[in-house]
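Asker: Mind having a look at this structure? Questions to follow.
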Amino acid sequence: MKLIEHFVNGKIIPGSSDKKGKVFNPATGEQESEVRLASKSDLDSAVQVAKKAFETWSLKPPLQRARIIFKFKELIEKNSDELTKLIVSEHGKVFEDARGSLTRGLEVVEFACGIPHLLKGEFSENVGTNVDSWSMRQPLGVVAGITPFNFPAMVPMWMFPIAIACGNTFILKPSEKDPSCAIRLAELLSEAGLPDGVFNVINGDKEAVDAILENKDIKAVSFVGSTPIAKYIYENSAKNEKRVQALGGAKNHLVVMPDCDLDGAVNGLMGAAYGSAGERCMAQSVAVAVGDIGDELVSRLSKKAEALKVGPGMDKTSEMGPLVTKEHLEKVTSYVDLGVEEGAKLVVDGRGLKLQGYENGFYIGGCLFDHVNKDMRIYKEEIFGPVLSVVRVKTFEEAAKLINDHEYGNGVSIYTRDGDAGRTFASKIQVGMVGINVPIPVPMAFHSFGGWKRSLFGDSGMHGMEGIKFYTKLKTITSRWPSGVRSNAEFVMPTMK
Ligand code: NAD
């Protein structure tokens with residue numbers, strides 16, 4: 001069986017630990033490979049390599065770093081089919097969706113190509129007489145990224161292109177459920193001319209993560225995953241004096257106003273709720289039907305949810321693939337059972353789906369609940385599967401309160417033709433990323449991605465200028481060049497004269 005190892009110092013290396021994880025093809029349910037799970041000493045050795053590489057990489061002019069990133073961009077484009085297939089084979093999502101996620105990662109690489117411009121500091125002449133002041137941003141050192149299973153290419157690419165373009169060196173700990181893509185990206189970076197040791201991949205589980213958190217040479221941690229682990233990463237990074245951004249789980253709402261383009265809202269909801277089998281942190285898992293739109297909304301959604309084409313990700317006709325693992329399938333199925341017990345109306349039941357020829361695959365059909373209320377666990381908790389809940393409310397204000405009271409605040413959308421409603425919504429809603437007649441408001445690479453409340457611990461989002469700030473330290477210099485006259489020592493707080 002294929003064994004997926006670590007990538008350190010420009011090559012694949014075997015780890016010292018015998019611990020291995022299982023990697024499945026979700027479409028067939030077959031285990032296709034094993035992944036080496038790192039020990040603390042594996043991680044610590046990789047950090048030493050990255051620390052050494054930082055000494056020279058951080059001194060390279062940003063323009064030279066940008067040229068390597070640009071070459072990497074070309075290699076991703078050239079190898080996009082292969083990378084996309086890797087995503088499909090271990091994650092399960094359908095091919096075009098996987099390709100789309102790779103493109104969203106590629107956009108961050110394109111953004112990072114502009115690093116000479118992005119690192120420009122500020123300069124003020126004559127902040128005092130003959131005194132100038134300027135600021136510049138310098139890299140942190142070795143930084144680490146810990147990523148979830150649902151975007152094996154895109155989420156790491158939110159992090160490392162910017163981190164290395166800024167002059168840092170990087171340790172990536174991808175999800176042990178779909179680790180192959182990270183290794184391939186590392187190989188492509190080497191092919192692009194990235195010096196050995198600048199980008200390293202350590203596969204592993206909690207042991208590797210804890211080793212990252214405890215290693216004093218790692219200066220910053222970027223994390224994306226579920227909320228309990230994000231909180232753990234946030235607390236322990238801070239305890240170990242590291243800079244941290246920890247993005248967590250979500251429960252996103254899409255508000256359907258009675259005046260909206262209902263076809264647009266229904267189509268938007270179908271893609272946002274069931275795309276990638278709901279395994280997206282920006283999935284819209286709650287539709288909030290305002291006023292009297294509920295019956296018509298549910299009727300249209302149910303017809304489409306019943307007609308969803310579920311199948312293997314490599315089948316071009318599939319609209320939705322399987323879930324990532326058997327355990328995850330069982331978890332999602334148990335949430336549907338729970339919703340029935342809690343008294344929600346299960347309008348479309350996708351449980352127990354068996355596909356001919358793929359009987360052991362981790363499939364579930366689209367599920368649709370109506371009459372969900374805010375006290376139900378299926379409303380409060382993240383299910384991370386193709387389960388859409390409809391909550392009915394009387395007014396816009398009630399919809400906004402529902403959303404603002406929720407513990408998560410990642411993404412949200414409103415469908416309306418009323419500009420006043422759209423503007424008020426954008427202004428008042430307590431959520432980090434807002435869509436107006438847009439179902440999945442994921443910001444582009446040159447803006448920043450980040451939720452509010454328990455969807456993000458820390459104070460900076462991913463990519464865009466937030467990414468540049470996160471991966472650099474600000475230094476501000478105040479200088480005077482004496483013109484022959486030496487001043488006497490001063491013992492009072494300096495003020496500019
Ligand atoms: P997860 O939290 O289980 O795992 C994320 C990472 O943490 C993995 O690398 C994993 O190995 C590691 N990990 C898991 N358990 C750990 C533990 N006990 N101690 C230390 N490390 C541990 O998340 P997942 O299931 O891989 O991904 C799905 C979750 O990620 C969902 O909650 C989803 O909303 C979230 N997510 C959020 C965003 C966002 O931008 N906010 C984006 C993508 C995914």
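Following the order of the structure tokens, chains are lettered A, B, ..., residues in each are numbered from 1, and ligands are numbered from 1.
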Which residues in segment 369-420 of chain A does DSSP call strand (DSSP E)? List them as number ranges by chain.
Answerer: A: 369-370, 387-393, 408-409, 411-415
Asker: Compile the contact shell of His406 of chain A as a list in words: residues with an atom at most 9 Å away, counting only C-alpha atoms, same-chain residues fewer than 6 positions apart removed.
Answerer: Lys251, Lys374, Lys380 and Lys453 of chain A
Asker: Please determine, counting only C-alpha atoms, which residue among A:Asn203, A:Gln48, A:Asn79, A:Ser448 has the shortest atom-to-atom distance to Gly21 of chain A.
Answerer: A:Asn203
Asker: If you count only C-alpha atoms, which residues fall within 8 Å of Asp370 of chain A, apart from same-chain ones fewer than 5 positions away, as a list in words?
Answerer: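 Surrounding residues, per the criterion: Val298, Ala344, Lys345, Leu346, Val347, Ser389, Val390 and Val391 of chain A.
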Asker: If the limit is 9 Å from any atom of ligand 1, counting only C-alpha atoms and all ligand atoms, which residues qualify? Return them as an mmCIF file with C-alpha atoms, in the first residue's frame.
Answerer:
```cif
data_model
loop_
_atom_site.group_PDB
_atom_site.id
_atom_site.type_symbol
_atom_site.label_atom_id
_atom_site.label_comp_id
_atom_site.auth_asym_id
_atom_site.auth_seq_id
_atom_site.Cartn_x
_atom_site.Cartn_y
_atom_site.Cartn_z
ATOM 1 C CA GLY A 145 0.019 26.150 9.145
ATOM 2 C CA ILE A 146 -2.392 23.488 10.408
ATOM 3 C CA THR A 147 -5.195 22.786 7.962
ATOM 4 C CA PRO A 148 -8.537 20.935 7.720
ATOM 5 C CA PHE A 149 -9.622 18.147 5.403
ATOM 6 C CA ASN A 150 -12.212 20.051 3.413
ATOM 7 C CA PHE A 151 -9.865 22.137 1.235
ATOM 8 C CA VAL A 155 -6.657 26.429 2.683
ATOM 9 C CA LYS A 173 0.682 20.131 8.892
ATOM 10 C CA PRO A 174 -2.158 19.149 6.549
ATOM 11 C CA SER A 175 -5.181 17.077 7.482
ATOM 12 C CA GLU A 176 -4.254 13.426 7.874
ATOM 13 C CA LYS A 177 -7.450 12.548 5.963
ATOM 14 C CA ASN A 203 2.081 14.833 8.278
ATOM 15 C CA GLY A 204 0.526 13.954 11.557
ATOM 16 C CA ASP A 205 -2.207 14.137 14.133
ATOM 17 C CA LYS A 206 -2.520 15.732 17.578
ATOM 18 C CA GLU A 207 1.061 14.768 18.480
ATOM 19 C CA ALA A 208 2.461 16.803 15.562
ATOM 20 C CA VAL A 209 0.119 19.695 16.334
ATOM 21 C CA ASP A 210 1.172 19.775 19.981
ATOM 22 C CA PHE A 223 -4.976 27.296 11.870
ATOM 23 C CA VAL A 224 -8.189 26.416 10.057
ATOM 24 C CA GLY A 225 -10.490 23.712 11.394
ATOM 25 C CA SER A 226 -13.295 23.121 13.866
ATOM 26 C CA THR A 227 -14.055 25.573 16.684
ATOM 27 C CA PRO A 228 -12.994 23.431 19.685
ATOM 28 C CA ILE A 229 -9.586 22.768 18.107
ATOM 29 C CA ALA A 230 -9.275 26.412 16.948
ATOM 30 C CA TYR A 232 -7.191 25.003 21.751
ATOM 31 C CA ILE A 233 -4.691 26.264 19.148
ATOM 32 C CA ALA A 246 -7.290 30.295 14.351
ATOM 33 C CA LEU A 247 -10.301 30.001 12.093
ATOM 34 C CA GLY A 248 -13.076 27.743 13.337
ATOM 35 C CA GLY A 249 -16.433 26.270 12.401
ATOM 36 C CA ALA A 250 -19.578 27.894 11.121
ATOM 37 C CA LYS A 251 -23.333 27.864 10.795
ATOM 38 C CA GLU A 279 -18.316 20.248 3.725
ATOM 39 C CA ARG A 280 -17.485 23.932 3.402
ATOM 40 C CA CYS A 281 -17.055 26.430 6.195
ATOM 41 C CA MET A 282 -19.000 28.855 3.978
ATOM 42 C CA ALA A 283 -21.808 26.369 3.235
ATOM 43 C CA HIS A 328 -18.179 11.591 9.148
ATOM 44 C CA GLU A 382 -22.337 22.658 12.736
ATOM 45 C CA ILE A 383 -23.313 19.468 10.861
ATOM 46 C CA PHE A 384 -20.840 19.852 7.959
ATOM 47 C CA ASN A 410 -18.460 33.152 9.511
ATOM 48 C CA PHE A 449 -11.107 35.980 4.645
ATOM 49 C CA GLY A 450 -12.276 35.725 8.220
ATOM 50 C CA GLY A 451 -15.349 35.212 10.354
ATOM 51 C CA SER A 455 -15.601 31.316 13.857
ATOM 52 C CA LEU A 456 -12.247 33.042 14.352
ATOM 53 C CA GLY A 461 -8.055 36.945 8.746
ATOM 54 C CA MET A 462 -6.358 35.038 5.958
#
```
